[in-house]
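coords-v2.cif (mmCIF, C-alpha atoms)
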data_entry
loop_
_atom_site.label_atom_id
_atom_site.label_comp_id
_atom_site.auth_asym_id
_atom_site.auth_seq_id
_atom_site.Cartn_x
_atom_site.Cartn_y
_atom_site.Cartn_z
CA MET A 26 141.30 333.39 -17.97
CA VAL A 27 138.52 331.14 -16.64
CA LEU A 28 135.92 333.83 -17.27
CA ARG A 29 137.19 334.40 -20.80
CA ILE A 30 136.95 330.70 -21.59
CA ALA A 31 133.50 330.40 -19.99
CA THR A 32 132.31 333.43 -21.95
CA ALA A 33 133.68 332.06 -25.23
CA VAL A 34 132.05 328.66 -24.64
CA ALA A 35 128.74 330.33 -23.72
CA LEU A 36 128.86 332.52 -26.82
CA VAL A 37 129.61 329.63 -29.18
CA LEU A 38 127.00 327.29 -27.67
CA THR A 39 124.34 330.00 -27.68
CA ALA A 40 125.08 330.73 -31.34
CA LEU A 41 124.91 327.01 -32.16
CA ALA A 42 121.58 326.76 -30.31
CA LEU A 43 120.17 329.45 -32.59
CA ALA A 44 121.17 327.66 -35.82
CA PRO A 45 118.42 324.98 -35.99
CA ALA A 46 115.71 327.39 -34.83
CA ALA A 47 116.82 329.93 -37.45
CA ALA A 48 116.75 327.21 -40.12
CA HIS A 49 113.13 326.46 -39.20
CA LEU A 50 112.26 330.16 -39.22
CA PHE A 51 113.79 330.77 -42.64
CA SER A 52 112.02 327.75 -44.14
CA LEU A 53 108.60 328.70 -42.70
CA ALA A 54 107.48 330.89 -45.61
CA ASN A 55 108.23 328.12 -48.09
CA LYS A 56 106.62 325.35 -46.04
CA ILE A 57 103.54 326.82 -44.36
CA ASP A 58 101.30 326.51 -47.44
CA MET A 59 102.72 323.29 -48.90
CA PRO A 60 100.24 320.61 -49.86
CA ARG A 61 99.99 317.78 -47.34
CA ASP A 62 102.13 315.17 -49.07
CA GLU A 63 104.90 317.64 -49.93
CA TYR A 64 104.90 318.97 -46.38
CA PHE A 65 105.30 315.52 -44.86
CA VAL A 66 108.17 314.77 -47.24
CA ALA A 67 109.83 318.07 -46.27
CA GLN A 68 109.44 317.25 -42.58
CA GLY A 69 111.46 314.09 -43.13
CA VAL A 70 114.65 316.13 -43.43
CA TYR A 71 114.47 316.84 -39.68
CA ARG A 72 114.92 313.22 -38.60
CA GLY A 73 117.75 313.14 -36.10
CA TRP A 74 117.52 316.83 -35.24
CA ALA A 75 116.32 315.96 -31.73
CA TRP A 76 119.97 315.50 -30.79
CA LEU A 77 120.49 319.22 -31.34
CA GLY A 78 118.51 319.74 -28.14
CA ALA A 79 121.68 318.77 -26.28
CA VAL A 80 123.33 321.93 -27.61
CA LEU A 81 120.45 324.01 -26.26
CA PHE A 82 120.76 322.50 -22.78
CA ALA A 83 124.55 322.91 -22.87
CA ALA A 84 124.12 326.56 -23.86
CA VAL A 85 121.81 327.17 -20.88
CA GLY A 86 124.44 325.67 -18.57
CA ALA A 87 127.29 327.60 -20.19
CA ASP A 88 125.42 330.91 -19.94
CA VAL A 89 124.65 330.28 -16.25
CA ALA A 90 128.26 329.28 -15.61
CA ALA A 91 129.58 332.45 -17.26
CA GLY A 92 127.20 334.55 -15.19
CA LEU A 93 128.19 332.82 -11.97
CA ILE A 94 131.90 333.15 -12.67
CA ALA A 95 131.45 336.84 -13.45
CA SER A 96 129.45 337.34 -10.26
CA ASP A 97 132.19 335.63 -8.23
CA ARG A 98 134.59 338.20 -9.66
CA ARG A 99 132.25 341.06 -8.72
CA GLN A 100 131.28 341.65 -12.32
CA ASP A 101 127.83 342.01 -13.78
CA GLY A 102 126.47 338.66 -14.94
CA ARG A 103 122.94 339.89 -15.67
CA PHE A 104 123.17 339.56 -19.45
CA ALA A 105 124.55 336.02 -19.18
CA PHE A 106 121.73 335.07 -16.81
CA ALA A 107 119.20 336.74 -19.12
CA ALA A 108 120.55 334.69 -22.03
CA ALA A 109 120.18 331.50 -19.98
CA ILE A 110 116.60 332.41 -19.05
CA LEU A 111 115.75 333.09 -22.69
CA LEU A 112 117.22 329.75 -23.75
CA ALA A 113 115.22 328.04 -21.00
CA LEU A 114 112.13 329.78 -22.41
CA SER A 115 112.99 328.26 -25.78
CA VAL A 116 113.04 324.82 -24.14
CA ALA A 117 109.62 325.56 -22.61
CA ILE A 118 108.25 326.61 -26.01
CA PHE A 119 109.44 323.31 -27.41
CA PHE A 120 107.80 321.20 -24.72
CA VAL A 121 104.53 323.17 -24.63
CA TRP A 122 103.94 323.64 -28.38
CA THR A 123 106.40 321.76 -30.60
CA TRP A 124 106.75 318.40 -28.89
CA PRO A 125 102.98 317.75 -28.74
CA THR A 126 102.80 318.14 -32.53
CA ASN A 127 105.68 315.71 -32.96
CA ARG A 128 103.85 313.21 -30.78
CA ALA A 129 100.50 313.72 -32.52
CA THR A 130 102.11 313.02 -35.90
CA ALA A 131 104.59 310.36 -34.77
CA ASN A 132 107.36 312.79 -35.77
CA TRP A 133 105.57 313.67 -39.00
CA THR A 134 105.24 310.09 -40.22
CA MET A 135 101.50 309.82 -39.51
CA ILE A 136 98.88 312.19 -40.97
CA PRO A 137 96.11 313.02 -38.49
CA ASP A 138 92.93 314.84 -39.56
CA ASN A 139 94.08 318.07 -37.89
CA TRP A 140 97.51 318.10 -39.56
CA ARG A 141 97.07 321.70 -40.81
CA ALA A 142 96.57 323.04 -37.29
CA LEU A 143 99.48 320.94 -36.09
CA ARG A 144 101.63 322.27 -38.92
CA ALA A 145 100.85 325.87 -37.94
CA GLN A 146 101.59 325.12 -34.29
CA TRP A 147 104.88 323.41 -35.17
CA GLU A 148 106.07 326.09 -37.59
CA TYR A 149 105.13 329.08 -35.44
CA SER A 150 106.52 327.54 -32.26
CA HIS A 151 109.85 327.18 -34.05
CA ALA A 152 109.62 330.79 -35.21
CA ALA A 153 109.03 331.88 -31.61
CA SER A 154 112.02 329.81 -30.49
CA ALA A 155 114.18 331.44 -33.14
CA ALA A 156 113.23 334.90 -31.88
CA VAL A 157 113.91 333.92 -28.26
CA ASN A 158 117.23 332.25 -29.16
CA ALA A 159 118.28 335.32 -31.15
CA ALA A 160 117.55 337.48 -28.11
CA ALA A 161 119.63 335.08 -26.00
CA LEU A 162 122.51 335.41 -28.45
CA CYS A 163 122.24 339.19 -28.16
CA GLY A 164 122.31 338.90 -24.37
CA ILE A 165 125.39 336.71 -24.17
CA THR A 166 127.10 338.88 -26.79
CA ILE A 167 126.42 342.03 -24.75
CA PHE A 168 127.78 340.19 -21.72
CA ALA A 169 130.91 339.22 -23.64
CA VAL A 170 131.69 342.70 -24.94
CA THR A 171 130.74 344.82 -21.92
CA ARG A 172 132.22 342.99 -18.94
CA ARG A 173 135.07 344.73 -17.16
CA PRO A 174 138.44 343.14 -17.77
CA THR A 175 140.30 342.20 -14.61
CA ALA A 176 143.73 340.80 -13.95
CA THR A 177 142.22 337.37 -13.22
CA ALA A 178 139.47 337.45 -15.87
#
Write-out of the structure in structure tokens:
Amino acid sequence: MVLRIATAVALVLTALALAPAAAHLFSLANKIDMPRDEYFVAQGVYRGWAWLGAVLFAAVGADVAAGLIASDRRQDGRFAFAAAILLALSVAIFFVWTWPTNRATANWTMIPDNWRALRAQWEYSHAASAAVNAAALCGITIFAVTRRPTATA
């Protein structure tokens, strides 16, 4: 029962972690060529989204926990661990490419001379995160549907 609960929590949190990244990805085509003033207005809708990072960190922990619990029960936790690694990669993408653009623009409230390059970096880093998070969701889903049921699972 513990493994089932851990797997369900990992699956839900991993899916929730994908949601904001997917929203950014699906808005990219409409935003990437916006004029400066329109783009900065559009960026204002993301105020407060930083709190969604907590879901991403919780999903990493939940995926690791599910993998560890499965391993303790002599089951294969590789896909859960792979999902956790992919989510951690998404965190790295944020801190290497997205966060510096947020800092350079004071969270898109200040317009620096290189705003176009920063916009491209911000938009494409979110697209990369969406792809990585989608792969993580696939991994934890494969884990959920392929693990061997046991009497104590």
**Study point:** Local residues around (132.8, 329.0, -23.5), at most 8 Å away, using all atoms listed in the file, as JSON, numbers by chain
**Key:** {"A": [29, 30, 31, 32, 33, 34, 35, 36, 37, 38, 87, 91]}
Exercise for review: List every protein, DNA or RNA residue that has at least one atom no more than 9 Å from (124.6, 338.3, -19.6) in the file's coordinates, counting all atoms listed in the file, and write the result as a ChimeraX atom specification.
Suggested key: /A:88-89,91-92,101-109,161,163-169,172
Practice item. Skip Leu111 of chain A itself and residues of its chain fewer than 6 positions away, then list as number ranges by chain all residues within 10 Å of it, counting only C-alpha atoms. Key: A: 85, 105, 117, 154, 156-162, 164
Check your understanding: Do you have the atom CA of Phe120 of chain A-atom CA of Leu93 of chain A distance handy?
Key -> 26.7 Å
Segment 39-53 of chain A: axis-aligned bounding box, 8 Å on each side, centre and edge lengths in Å, one decimal, as lines of an AutoDock Vina configuration file:
center_x = 116.8
center_y = 327.9
center_z = -35.9
size_x = 32.5
size_y = 21.8
size_z = 32.5
Practice item. Might you spell out which residues the PyMOL selection byres ((chain A and resi 122) around 10) would select in the displayed file, as an NGL selection string? Key: :A and (117-121 or 123-127 or 143 or 146-151)
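In terms of minimum interatomic distance to His49 of chain A, A:Trp74 ranks closest within A:Ile94, A:Arg99, A:Trp74, A:Val27, counting all atoms listed in the file.
The residue that comes closest to Ala155 of chain A, out of A:Thr130, A:Gln68, A:Ser115, A:Thr171 and on the basis of only C-alpha atoms, is A:Ser115.
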Have segment 78-114 of chain A completed to N, CA and C atoms, please, and pass it along as a JSON list (two decimals), in the frame of the given file.
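Here's the written file out_11.json:
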[["chain", "number", "residue", "atom", "x", "y", "z"],
["A", 78, "GLY", "N", 118.98, 319.25, -29.43],
["A", 78, "GLY", "CA", 118.51, 319.74, -28.14],
["A", 78, "GLY", "C", 119.61, 319.73, -27.09],
["A", 79, "ALA", "N", 120.56, 318.82, -27.23],
["A", 79, "ALA", "CA", 121.68, 318.77, -26.28],
["A", 79, "ALA", "C", 122.48, 320.07, -26.31],
["A", 80, "VAL", "N", 122.61, 320.66, -27.49],
["A", 80, "VAL", "CA", 123.33, 321.93, -27.61],
["A", 80, "VAL", "C", 122.58, 323.02, -26.86],
["A", 81, "LEU", "N", 121.27, 323.02, -26.95],
["A", 81, "LEU", "CA", 120.45, 324.01, -26.26],
["A", 81, "LEU", "C", 120.63, 323.91, -24.75],
["A", 82, "PHE", "N", 120.57, 322.69, -24.23],
["A", 82, "PHE", "CA", 120.76, 322.50, -22.78],
["A", 82, "PHE", "C", 122.19, 322.88, -22.36],
["A", 83, "ALA", "N", 123.17, 322.53, -23.18],
["A", 83, "ALA", "CA", 124.55, 322.91, -22.87],
["A", 83, "ALA", "C", 124.72, 324.42, -22.88],
["A", 84, "ALA", "N", 124.04, 325.10, -23.79],
["A", 84, "ALA", "CA", 124.12, 326.56, -23.86],
["A", 84, "ALA", "C", 123.51, 327.20, -22.61],
["A", 85, "VAL", "N", 122.40, 326.66, -22.13],
["A", 85, "VAL", "CA", 121.81, 327.17, -20.88],
["A", 85, "VAL", "C", 122.84, 327.06, -19.76],
["A", 86, "GLY", "N", 123.45, 325.89, -19.62],
["A", 86, "GLY", "CA", 124.44, 325.67, -18.57],
["A", 86, "GLY", "C", 125.65, 326.57, -18.72],
["A", 87, "ALA", "N", 126.11, 326.75, -19.95],
["A", 87, "ALA", "CA", 127.29, 327.60, -20.19],
["A", 87, "ALA", "C", 126.99, 329.06, -19.88],
["A", 88, "ASP", "N", 125.79, 329.52, -20.23],
["A", 88, "ASP", "CA", 125.42, 330.91, -19.94],
["A", 88, "ASP", "C", 125.32, 331.13, -18.43],
["A", 89, "VAL", "N", 124.73, 330.18, -17.72],
["A", 89, "VAL", "CA", 124.65, 330.28, -16.25],
["A", 89, "VAL", "C", 126.05, 330.27, -15.66],
["A", 90, "ALA", "N", 126.90, 329.36, -16.14],
["A", 90, "ALA", "CA", 128.26, 329.28, -15.61],
["A", 90, "ALA", "C", 129.02, 330.60, -15.82],
["A", 91, "ALA", "N", 128.90, 331.18, -16.99],
["A", 91, "ALA", "CA", 129.58, 332.45, -17.26],
["A", 91, "ALA", "C", 129.07, 333.54, -16.32],
["A", 92, "GLY", "N", 127.77, 333.57, -16.11],
["A", 92, "GLY", "CA", 127.20, 334.55, -15.19],
["A", 92, "GLY", "C", 127.66, 334.36, -13.76],
["A", 93, "LEU", "N", 127.73, 333.10, -13.34],
["A", 93, "LEU", "CA", 128.19, 332.82, -11.97],
["A", 93, "LEU", "C", 129.66, 333.17, -11.79],
["A", 94, "ILE", "N", 130.48, 332.82, -12.76],
["A", 94, "ILE", "CA", 131.90, 333.15, -12.67],
["A", 94, "ILE", "C", 132.09, 334.66, -12.63],
["A", 95, "ALA", "N", 131.35, 335.38, -13.46],
["A", 95, "ALA", "CA", 131.45, 336.84, -13.45],
["A", 95, "ALA", "C", 131.01, 337.40, -12.10],
["A", 96, "SER", "N", 129.94, 336.87, -11.55],
["A", 96, "SER", "CA", 129.45, 337.34, -10.26],
["A", 96, "SER", "C", 130.47, 337.08, -9.15],
["A", 97, "ASP", "N", 131.14, 335.94, -9.21],
["A", 97, "ASP", "CA", 132.19, 335.63, -8.23],
["A", 97, "ASP", "C", 133.34, 336.64, -8.31],
["A", 98, "ARG", "N", 133.51, 337.22, -9.46],
["A", 98, "ARG", "CA", 134.59, 338.20, -9.66],
["A", 98, "ARG", "C", 134.07, 339.64, -9.54],
["A", 99, "ARG", "N", 132.89, 339.76, -8.93],
["A", 99, "ARG", "CA", 132.25, 341.06, -8.72],
["A", 99, "ARG", "C", 132.00, 341.80, -10.04],
["A", 100, "GLN", "N", 131.65, 341.06, -11.04],
["A", 100, "GLN", "CA", 131.28, 341.65, -12.32],
["A", 100, "GLN", "C", 129.80, 341.39, -12.56],
["A", 101, "ASP", "N", 129.25, 342.10, -13.49],
["A", 101, "ASP", "CA", 127.83, 342.01, -13.78],
["A", 101, "ASP", "C", 127.54, 340.82, -14.68],
["A", 102, "GLY", "N", 126.83, 339.84, -14.16],
["A", 102, "GLY", "CA", 126.47, 338.66, -14.94],
["A", 102, "GLY", "C", 125.05, 338.68, -15.44],
["A", 103, "ARG", "N", 124.36, 339.83, -15.31],
["A", 103, "ARG", "CA", 122.94, 339.89, -15.67],
["A", 103, "ARG", "C", 122.64, 339.46, -17.10],
["A", 104, "PHE", "N", 123.46, 339.90, -18.05],
["A", 104, "PHE", "CA", 123.17, 339.56, -19.45],
["A", 104, "PHE", "C", 123.39, 338.07, -19.72],
["A", 105, "ALA", "N", 124.34, 337.47, -19.04],
["A", 105, "ALA", "CA", 124.55, 336.02, -19.18],
["A", 105, "ALA", "C", 123.37, 335.26, -18.59],
["A", 106, "PHE", "N", 122.89, 335.71, -17.42],
["A", 106, "PHE", "CA", 121.73, 335.07, -16.81],
["A", 106, "PHE", "C", 120.48, 335.27, -17.66],
["A", 107, "ALA", "N", 120.34, 336.47, -18.24],
["A", 107, "ALA", "CA", 119.20, 336.74, -19.12],
["A", 107, "ALA", "C", 119.23, 335.81, -20.33],
["A", 108, "ALA", "N", 120.41, 335.60, -20.89],
["A", 108, "ALA", "CA", 120.55, 334.69, -22.03],
["A", 108, "ALA", "C", 120.13, 333.28, -21.64],
["A", 109, "ALA", "N", 120.55, 332.84, -20.45],
["A", 109, "ALA", "CA", 120.18, 331.50, -19.98],
["A", 109, "ALA", "C", 118.67, 331.39, -19.80],
["A", 110, "ILE", "N", 118.05, 332.42, -19.25],
["A", 110, "ILE", "CA", 116.60, 332.41, -19.05],
["A", 110, "ILE", "C", 115.88, 332.35, -20.41],
["A", 111, "LEU", "N", 116.36, 333.11, -21.37],
["A", 111, "LEU", "CA", 115.75, 333.09, -22.69],
["A", 111, "LEU", "C", 115.89, 331.71, -23.35],
["A", 112, "LEU", "N", 117.05, 331.10, -23.20],
["A", 112, "LEU", "CA", 117.22, 329.75, -23.75],
["A", 112, "LEU", "C", 116.31, 328.75, -23.04],
["A", 113, "ALA", "N", 116.14, 328.90, -21.74],
["A", 113, "ALA", "CA", 115.22, 328.04, -21.00],
["A", 113, "ALA", "C", 113.78, 328.25, -21.49],
["A", 114, "LEU", "N", 113.45, 329.49, -21.83],
["A", 114, "LEU", "CA", 112.13, 329.78, -22.41],
["A", 114, "LEU", "C", 111.97, 329.05, -23.74]]
